[in-house]
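This is final19.txt. It holds compact mmCIF, C-alpha atoms and all ligand atoms.
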# COMPACT_ATOMS: atom_id res chain seq x y z
CA MET A 7 2.99 15.62 -10.89
CA ASP A 8 1.18 18.83 -9.99
CA LEU A 9 2.93 19.80 -6.75
CA SER A 10 0.94 23.00 -6.20
CA ARG A 11 -2.29 20.98 -6.17
CA LEU A 12 -0.70 18.50 -3.76
CA ARG A 13 0.24 21.39 -1.44
CA LEU A 14 -3.22 22.95 -1.63
CA GLU A 15 -5.42 19.85 -1.51
CA THR A 16 -3.68 17.61 1.05
CA SER A 17 -2.35 17.88 4.60
CA LEU A 18 1.28 17.17 3.61
CA LYS A 19 3.81 19.39 5.39
CA GLN A 20 6.68 18.88 2.94
CA ILE A 21 6.95 17.45 -0.57
CA GLN A 22 9.95 16.46 -2.67
CA TRP A 23 9.47 15.05 -6.17
CA PHE A 24 12.32 13.64 -8.29
CA ASP A 25 12.57 12.77 -11.98
CA GLU A 26 14.68 9.83 -10.89
CA ILE A 27 15.91 8.49 -7.56
CA ASP A 28 17.23 5.20 -6.18
CA SER A 29 14.22 4.58 -3.93
CA THR A 30 11.71 7.03 -2.47
CA SER A 31 11.59 4.92 0.71
CA THR A 32 15.37 4.94 1.13
CA ARG A 33 15.35 8.73 0.72
CA ALA A 34 12.44 9.08 3.14
CA LEU A 35 14.25 6.98 5.77
CA GLN A 36 17.29 9.29 5.45
CA LEU A 37 15.08 12.38 5.74
CA ALA A 38 13.28 11.02 8.81
CA SER A 39 16.56 11.11 10.73
CA ASP A 40 16.61 14.91 10.34
CA PRO A 41 14.55 16.27 13.27
CA SER A 42 13.85 19.55 11.45
CA ILE A 43 11.71 17.75 8.83
CA GLU A 44 8.02 17.97 9.69
CA THR A 45 5.61 15.09 9.19
CA PRO A 46 3.75 14.02 7.19
CA PHE A 47 6.22 14.49 4.34
CA LEU A 48 6.14 12.95 0.89
CA ILE A 49 8.95 11.84 -1.39
CA GLY A 50 7.89 10.90 -4.90
CA ALA A 51 9.66 10.02 -8.13
CA ASP A 52 8.84 9.35 -11.76
CA ARG A 53 11.51 6.63 -11.92
CA GLN A 54 13.36 4.54 -9.35
CA SER A 55 16.65 2.81 -10.08
CA ALA A 56 16.60 0.66 -6.91
CA GLY A 57 12.96 0.44 -5.82
CA ARG A 58 12.47 -1.90 -2.87
CA GLY A 59 9.66 -4.35 -2.19
CA ARG A 60 8.75 -6.36 0.91
CA GLY A 61 11.34 -8.81 2.21
CA SER A 62 14.24 -9.04 -0.20
CA ASN A 63 12.11 -8.26 -3.26
CA ARG A 64 12.87 -5.45 -5.65
CA TRP A 65 10.20 -3.15 -7.05
CA TRP A 66 10.62 -2.34 -10.68
CA SER A 67 8.25 -0.23 -12.81
CA THR A 68 8.26 1.25 -16.28
CA ASP A 69 7.35 4.95 -16.83
CA GLY A 70 3.88 6.02 -15.74
CA ALA A 71 3.70 4.29 -12.35
CA LEU A 72 2.88 6.31 -9.23
CA MET A 73 5.67 5.79 -6.69
CA PHE A 74 5.94 7.64 -3.42
CA SER A 75 6.77 7.31 0.27
CA VAL A 76 5.17 9.15 3.15
CA GLY A 77 7.02 9.79 6.41
CA LEU A 78 4.73 10.06 9.41
CA SER A 79 4.47 9.54 13.13
CA LEU A 80 1.65 7.34 14.36
CA SER A 81 1.46 9.49 17.51
CA ASP A 82 0.53 12.52 15.33
CA LEU A 83 -2.46 10.49 14.15
CA GLY A 84 -3.51 9.55 17.67
CA LEU A 85 -2.25 5.97 17.26
CA VAL A 86 0.37 3.94 19.13
CA ILE A 87 3.01 1.76 17.51
CA ASP A 88 1.21 -1.46 18.58
CA GLN A 89 -1.61 -0.44 16.26
CA TRP A 90 0.58 -0.58 13.17
CA PRO A 91 -0.93 -3.86 11.82
CA ARG A 92 -4.33 -2.15 11.75
CA PHE A 93 -2.80 1.00 10.32
CA SER A 94 -1.21 -1.13 7.61
CA LEU A 95 -4.59 -2.65 6.71
CA VAL A 96 -6.22 0.76 6.66
CA THR A 97 -3.54 1.95 4.26
CA GLY A 98 -4.40 -0.96 1.92
CA ILE A 99 -8.12 -0.21 2.22
CA ALA A 100 -7.52 3.48 1.36
CA VAL A 101 -5.59 2.50 -1.80
CA ALA A 102 -8.21 -0.11 -2.77
CA ASP A 103 -11.05 2.41 -2.29
CA THR A 104 -9.14 4.97 -4.38
CA ILE A 105 -8.58 2.52 -7.23
CA ALA A 106 -12.23 1.41 -7.07
CA HIS A 107 -13.27 5.09 -7.23
CA PHE A 108 -11.45 5.51 -10.56
CA LEU A 109 -12.32 2.01 -11.84
CA PRO A 110 -15.94 1.52 -10.73
CA GLN A 111 -16.42 -1.58 -12.94
CA ALA A 112 -13.37 -3.45 -11.61
CA THR A 113 -13.25 -5.96 -8.77
CA VAL A 114 -10.59 -4.50 -6.53
CA GLY A 115 -9.39 -6.90 -3.84
CA LEU A 116 -7.05 -6.79 -0.87
CA LYS A 117 -4.46 -9.49 -0.35
CA TRP A 118 -3.36 -9.41 3.29
CA PRO A 119 -1.50 -7.57 4.55
CA ASN A 120 -1.79 -4.84 1.96
CA ASP A 121 -1.29 -5.83 -1.67
CA ILE A 122 -4.03 -4.63 -3.98
CA TRP A 123 -5.27 -6.95 -6.69
CA ILE A 124 -7.64 -6.58 -9.61
CA GLU A 125 -8.90 -10.07 -10.53
CA GLN A 126 -5.83 -11.79 -9.03
CA LYS A 127 -3.40 -9.38 -10.71
CA LYS A 128 -1.31 -7.07 -8.56
CA VAL A 129 -1.93 -3.37 -9.15
CA CYS A 130 -0.28 -1.94 -6.02
CA GLY A 131 2.33 -2.91 -3.44
CA ILE A 132 2.92 -1.29 -0.07
CA LEU A 133 6.09 -1.38 2.02
CA ILE A 134 5.89 -0.13 5.61
CA GLU A 135 9.14 0.40 7.49
CA GLN A 136 9.96 1.83 10.88
CA ALA A 137 11.83 5.16 11.02
CA VAL A 138 13.61 4.34 14.25
CA GLU A 139 14.97 7.84 14.95
CA ARG A 140 11.42 9.16 15.47
CA PRO A 141 8.94 8.08 18.12
CA SER A 142 6.38 5.84 16.36
CA GLY A 143 7.85 6.94 13.03
CA LEU A 144 6.95 5.01 9.88
CA ILE A 145 7.82 5.26 6.21
CA VAL A 146 4.95 4.07 4.04
CA GLY A 147 6.17 3.32 0.51
CA ILE A 148 3.50 2.79 -2.13
CA GLY A 149 3.81 1.79 -5.77
CA ILE A 150 0.62 1.92 -7.86
CA ASN A 151 0.57 0.78 -11.47
CA VAL A 152 -1.24 3.75 -13.00
CA ASN A 153 -0.18 4.74 -16.54
CA ASN A 154 2.48 2.08 -17.00
CA SER A 155 1.21 -0.83 -19.06
CA PHE A 156 1.74 -4.57 -18.96
CA THR A 157 0.49 -5.02 -22.54
CA PRO A 158 4.06 -5.12 -23.95
CA ALA A 159 5.29 -7.30 -21.04
CA PRO A 160 6.02 -11.04 -21.34
CA PRO A 161 2.86 -13.21 -20.94
CA GLU A 162 3.94 -14.49 -17.51
CA GLN A 163 4.04 -10.85 -16.27
CA GLN A 164 0.65 -10.08 -17.83
CA LEU A 165 -0.84 -12.96 -15.85
CA ILE A 166 0.21 -11.54 -12.48
CA ALA A 167 0.16 -7.75 -12.85
CA THR A 168 -2.05 -5.03 -14.22
CA SER A 169 -2.34 -1.23 -14.20
CA ILE A 170 -5.19 1.25 -14.01
CA ARG A 171 -4.45 2.22 -17.62
CA ASP A 172 -4.62 -1.43 -18.74
CA GLU A 173 -8.00 -1.74 -16.99
CA ARG A 174 -9.18 1.43 -18.83
CA ASN A 175 -8.31 -0.09 -22.23
CA GLY A 176 -5.20 2.07 -22.62
CA GLU A 177 -6.71 5.38 -21.50
CA GLU A 178 -4.34 7.36 -19.25
CA ILE A 179 -5.41 9.00 -16.01
CA SER A 180 -3.96 11.85 -13.89
CA ARG A 181 -1.54 10.53 -11.26
CA THR A 182 -2.07 13.78 -9.32
CA ASP A 183 -5.82 13.04 -9.05
CA ILE A 184 -5.10 9.54 -7.78
CA LEU A 185 -2.50 10.66 -5.23
CA ILE A 186 -4.74 13.42 -3.83
CA GLU A 187 -7.76 11.10 -3.64
CA PHE A 188 -5.68 8.48 -1.83
CA LEU A 189 -4.10 10.90 0.67
CA ASN A 190 -7.47 12.36 1.64
CA ARG A 191 -9.19 8.97 1.95
CA TRP A 192 -6.22 7.73 4.02
CA ASP A 193 -6.51 10.77 6.34
CA LEU A 194 -10.20 10.10 6.86
CA LEU A 195 -9.78 6.39 7.54
CA THR A 196 -6.87 6.86 9.95
CA THR A 197 -8.90 9.46 11.87
CA LYS A 198 -11.71 6.90 12.17
CA LEU A 199 -9.20 4.25 13.25
CA ALA A 200 -7.89 6.56 16.00
CA GLU A 201 -11.49 7.29 17.08
CA ASN A 202 -12.20 3.56 17.12
CA SER A 203 -15.17 4.10 14.81
CA LEU A 204 -13.95 1.86 11.98
CA ASN A 205 -15.30 -1.66 11.73
CA LEU A 206 -12.13 -3.09 10.26
CA PRO A 207 -13.15 -6.78 9.91
CA GLU A 208 -16.35 -5.66 8.18
CA ARG A 209 -14.46 -3.35 5.78
CA TRP A 210 -11.89 -6.05 5.15
CA SER A 211 -14.35 -8.87 4.56
CA HIS A 212 -15.83 -6.92 1.61
CA SER A 213 -12.66 -7.22 -0.38
CA CYS A 214 -10.40 -9.89 1.15
CA VAL A 215 -9.27 -12.12 -1.72
CA LEU A 216 -7.96 -14.78 0.69
CA SER A 217 -11.09 -15.66 2.71
CA GLY A 218 -11.97 -19.34 2.33
CA ARG A 219 -8.80 -20.03 0.32
CA ALA A 220 -6.02 -22.50 1.15
CA VAL A 221 -2.86 -20.48 1.78
CA THR A 222 0.68 -20.71 3.07
CA VAL A 223 2.00 -17.87 5.23
CA THR A 224 5.79 -17.50 5.34
CA ALA A 225 7.33 -15.32 8.05
CA GLY A 226 11.11 -15.60 8.26
CA THR A 227 11.93 -19.30 8.43
CA GLU A 228 8.46 -20.25 9.69
CA GLU A 229 5.84 -21.54 7.26
CA LYS A 230 2.20 -22.28 8.12
CA SER A 231 -0.52 -23.64 5.85
CA GLY A 232 -4.26 -23.65 6.33
CA ILE A 233 -7.53 -22.08 5.30
CA CYS A 234 -7.80 -18.32 5.66
CA THR A 235 -10.94 -17.50 7.64
CA GLY A 236 -10.55 -13.70 7.47
CA ILE A 237 -8.86 -11.09 9.60
CA ASP A 238 -9.32 -10.30 13.24
CA ASP A 239 -9.99 -6.93 14.81
CA ASP A 240 -6.30 -6.47 15.65
CA GLY A 241 -5.34 -6.77 11.97
CA SER A 242 -4.00 -10.33 12.13
CA LEU A 243 -4.77 -12.94 9.45
CA LEU A 244 -6.75 -15.88 10.78
CA LEU A 245 -5.48 -19.24 9.60
CA ARG A 246 -7.40 -22.44 10.36
CA THR A 247 -4.83 -25.23 10.51
CA ALA A 248 -5.43 -28.94 11.22
CA PHE A 249 -5.50 -28.32 14.99
CA THR A 250 -6.41 -24.75 15.74
CA THR A 251 -6.98 -21.23 14.40
CA GLU A 252 -3.79 -19.19 14.43
CA ARG A 253 -3.25 -15.46 14.16
CA CYS A 254 -0.54 -14.22 11.78
CA TYR A 255 0.76 -10.69 12.30
CA ALA A 256 3.35 -10.60 9.51
CA GLY A 257 4.41 -12.65 6.53
CA THR A 258 3.95 -13.30 2.85
CA VAL A 259 0.91 -15.21 1.71
CA ARG A 260 0.88 -17.68 -1.18
CA LEU A 261 -2.40 -19.03 -2.52
CA LEU A 262 -2.38 -22.84 -2.71
CA SER A 263 -5.51 -23.21 -4.84
C1 LIG B 1 5.76 -4.89 -2.39
O1 LIG B 1 4.73 -5.18 -3.02
O2 LIG B 1 6.64 -5.73 -2.17
C2 LIG B 1 5.92 -3.48 -1.91
C3 LIG B 1 6.35 -2.59 -3.03
C4 LIG B 1 6.52 -1.14 -2.62
C5 LIG B 1 7.06 -0.31 -3.75
C6 LIG B 1 7.10 1.15 -3.42
S1 LIG B 1 7.40 2.16 -4.82
C7 LIG B 1 7.63 3.54 -3.80
C8 LIG B 1 8.39 3.09 -2.58
N1 LIG B 1 9.82 3.12 -2.80
C9 LIG B 1 10.36 1.91 -2.79
O3 LIG B 1 11.57 1.66 -2.96
N2 LIG B 1 9.42 0.97 -2.57
C10 LIG B 1 8.11 1.59 -2.38
Translate the structure described by the file into structure tokens.
Amino acid sequence: MDLSRLRLETSLKQIQWFDEIDSTSTRALQLASDPSIETPFLIGADRQSAGRGRGSNRWWSTDGALMFSVGLSLSDLGLVIDQWPRFSLVTGIAVADTIAHFLPQATVGLKWPNDIWIEQKKVCGILIEQAVERPSGLIVGIGINVNNSFTPAPPEQQLIATSIRDERNGEEISRTDILIEFLNRWDLLTTKLAENSLNLPERWSHSCVLSGRAVTVTAGTEEKSGICTGIDDDGSLLLRTAFTTERCYAGTVRLLS
């Protein structure tokens, strides 16, 4: 990773990059409790020994993936904590736009709340956690399959995951370029979100892979099934069930068909 380019070409206040770490998000959560650390800060690593995914999932990647966590305060961005579902969607849109920029031929889709898919295969996962010691503090952990490849992986893995390199027929790409492109697109979109000049449902409807599909949303012990009819302006997933249309603000979505 080219840290001098990251310092010059982004608005990050502090950067730490590790050859190996347990989890960039765990480290970022620890750092956020130190009031002398300015935001936004970035923790990145080439390898993680205990990468975490959403819920109780683990995140495991071979060499070449882009893995980082950004510590930020929503108030610095002109947002309040209640806006985090929209902020979470905007984060997914910024990653999807970045991947589409480097893979113009690919169909890059968003799976609510913020997984990124290429043709039903996951290429990126995002984990957003609250940094409770800071007012409106969040740790945004992002794992993008960039130069790691699923070609040597078991067939069941190849069916559900892909990488930018796999989509470029094995050709590698600079992770620095991708990270800088993402951070700057993310800055721009969050500024628009704070200004209220972003038509989120319109942006989302372009790439939502769930619209019109039968899905089950699991949040804790609650499970709801229905047809996804899109997302609402507040960032919730709209689910048409037998009786009504419900809004889901959190959960894991499984496609039923
Ligand atoms: C998911 O799809 O469940 C979210 C995966 C998030 C993985 C990233 S990799 C960088 C950061 N550090 C972690 O431990 N997790 C996130």
Set up a box along x, y and z of the file covering all listed atoms of stretch 176-186 of chain A, add 5 Å on every one of the six sides, and write the centre and edge lengths in Å to one decimal, as lines of an AutoDock Vina configuration file.
center_x = -4.1
center_y = 7.9
center_z = -13.2
size_x = 15.2
size_y = 21.7
size_z = 28.8
task = Show which residues sit within 7 Å of A:Asp239, as a ChimeraX atom specification. Count all atoms listed in the file, and ignore same-chain residues fewer than 2 positions away.
result = /A:206-207,237,241
Near ligand LIG 1 (chain B), 8 Å: chain A residue rows, closest pairs, all atoms listed in the file, as CSV:
residue,atom,partner,partner_atom,distance
A:Asp28,CA,B:LIG1,O3,7.4
A:Ser29,CA,B:LIG1,O3,4.1
A:Thr30,CA,B:LIG1,N1,4.4
A:Ser31,CA,B:LIG1,N1,4.3
A:Thr32,CA,B:LIG1,O3,6.5
A:Gly50,CA,B:LIG1,C7,7.4
A:Gln54,CA,B:LIG1,O3,7.2
A:Ala56,CA,B:LIG1,O3,6.5
A:Gly57,CA,B:LIG1,O3,3.4
A:Arg58,CA,B:LIG1,O3,3.7
A:Gly59,CA,B:LIG1,O2,3.3
A:Arg60,CA,B:LIG1,O2,3.8
A:Gly61,CA,B:LIG1,O2,7.1
A:Asn63,CA,B:LIG1,O2,6.1
A:Arg64,CA,B:LIG1,O2,7.1
A:Trp65,CA,B:LIG1,C5,5.4
A:Leu72,CA,B:LIG1,S1,7.6
A:Met73,CA,B:LIG1,C7,4.2
A:Phe74,CA,B:LIG1,C7,4.5
A:Ser75,CA,B:LIG1,C8,5.3
A:Asp121,CA,B:LIG1,O1,6.2
A:Cys130,CA,B:LIG1,O1,6.7
A:Gly131,CA,B:LIG1,O1,3.3
A:Ile132,CA,B:LIG1,C2,4.1
A:Leu133,CA,B:LIG1,C2,4.5
A:Val146,CA,B:LIG1,C8,7.5
A:Gly147,CA,B:LIG1,C8,3.8
A:Ile148,CA,B:LIG1,C6,4.2
A:Gly149,CA,B:LIG1,S1,3.7
A:Ile150,CA,B:LIG1,S1,7.4
key: Exercise: A:Thr197 partners within 12 Å, all atoms listed in the file, chain neighbours under 2 positions left out, as a list in words   = Leu80, Ser81, Asp82, Leu83, Gly84, Leu85, Phe93, Val96, Thr97, Asn190, Arg191, Trp192, Asp193, Leu194, Leu195, Leu199, Ala200, Glu201, Asn202, Ser203 and Leu204 of chain A
task = Could you pull out every residue with an atom within 10 Å of (-1.7, -4.0, -17.5), file coordinates, counting only C-alpha atoms, and send them as a PyMOL selection string?
result = chain A and resi 127-129+151-159+163-176
request  = Between atom CA of A:Thr222 and atom CA of A:Gln126, measure the distance and give it in Å to one decimal.
outcome  = 16.4 Å
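Computed from the coordinates, the atom CA of A:Gly98 to atom CA of A:Arg253 distance equals 19.0 Å.
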message = Please compute the atom CA of A:Thr16-atom CA of A:Lys198 distance, one decimal, in Å.
response = 17.4 Å
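The residue set within 12 Å of A:Thr250, counting only C-alpha atoms and dropping same-chain residues fewer than 5 places from it, reads Lys230, Ser231, Gly232, Ile233, Thr235, Leu244 and Leu245 of chain A.
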Output of the above residues as a tab-separated table (two decimals), keeping the file's coordinate frame, restricted to C-alpha atoms:
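Below is the file that was written, result-v2.tsv:
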chain	number	residue	atom	x	y	z
A	230	LYS	CA	2.20	-22.28	8.12
A	231	SER	CA	-0.52	-23.64	5.85
A	232	GLY	CA	-4.26	-23.65	6.33
A	233	ILE	CA	-7.53	-22.08	5.30
A	235	THR	CA	-10.94	-17.50	7.64
A	244	LEU	CA	-6.75	-15.88	10.78
A	245	LEU	CA	-5.48	-19.24	9.60
key: Point (-13.0, -2.5, -12.3), cut-off 10 Å, counting only C-alpha atoms, residues as a PyMOL selection string   = chain A and resi 105-114+124-125+170+173-174
query = Using only C-alpha atoms, which residue out of A:Gln136, A:Thr247, A:Ala256, A:Trp210 lies closest to A:Glu228?
reply =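 Of all the options, A:Ala256 lies closest to A:Glu228.
Among the candidates A:Thr224, A:Ser242, A:Glu162, A:Arg181, the residue lying nearest to A:Gly70 is A:Arg181 (atoms considered: all atoms listed in the file).
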task = Select, from A:Ala225, A:Val76, A:Leu189, A:Ala220, the residue with the minimum atom-to-atom distance to A:Ala248, counting all atoms listed in the file.
result =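 Result for the nearest residue to A:Ala248: A:Ala220.
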request  = Quick one: everything within 7 Å of A:Ser79, counting all atoms listed in the file, minus sequence neighbours fewer than 2 positions away in the same chain. Send it as a VMD selection string.
outcome  = chain A and resid 45 81 to 82 141 to 144
task = Measuring atom to atom with all atoms listed in the file, identify which of A:Cys234, A:Asp69, A:Pro119, A:Arg209 is nearest to A:Gly257.
result = A:Pro119
ask   = For A:Ala38, which of A:Val223, A:Val101, A:Leu78, A:Ile122 is the closest residue, counting all atoms listed in the file?
value =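 Of A:Val223, A:Val101, A:Leu78, A:Ile122, the one nearest A:Ala38, counting all atoms listed in the file, is A:Leu78.
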key: Selected residue, from A:Gly77, A:Pro91, A:Pro41, A:Pro161, that lies nearest to A:Lys19 when counting only C-alpha atoms   =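 Answer, going by the shortest atom-to-atom distance: A:Gly77.
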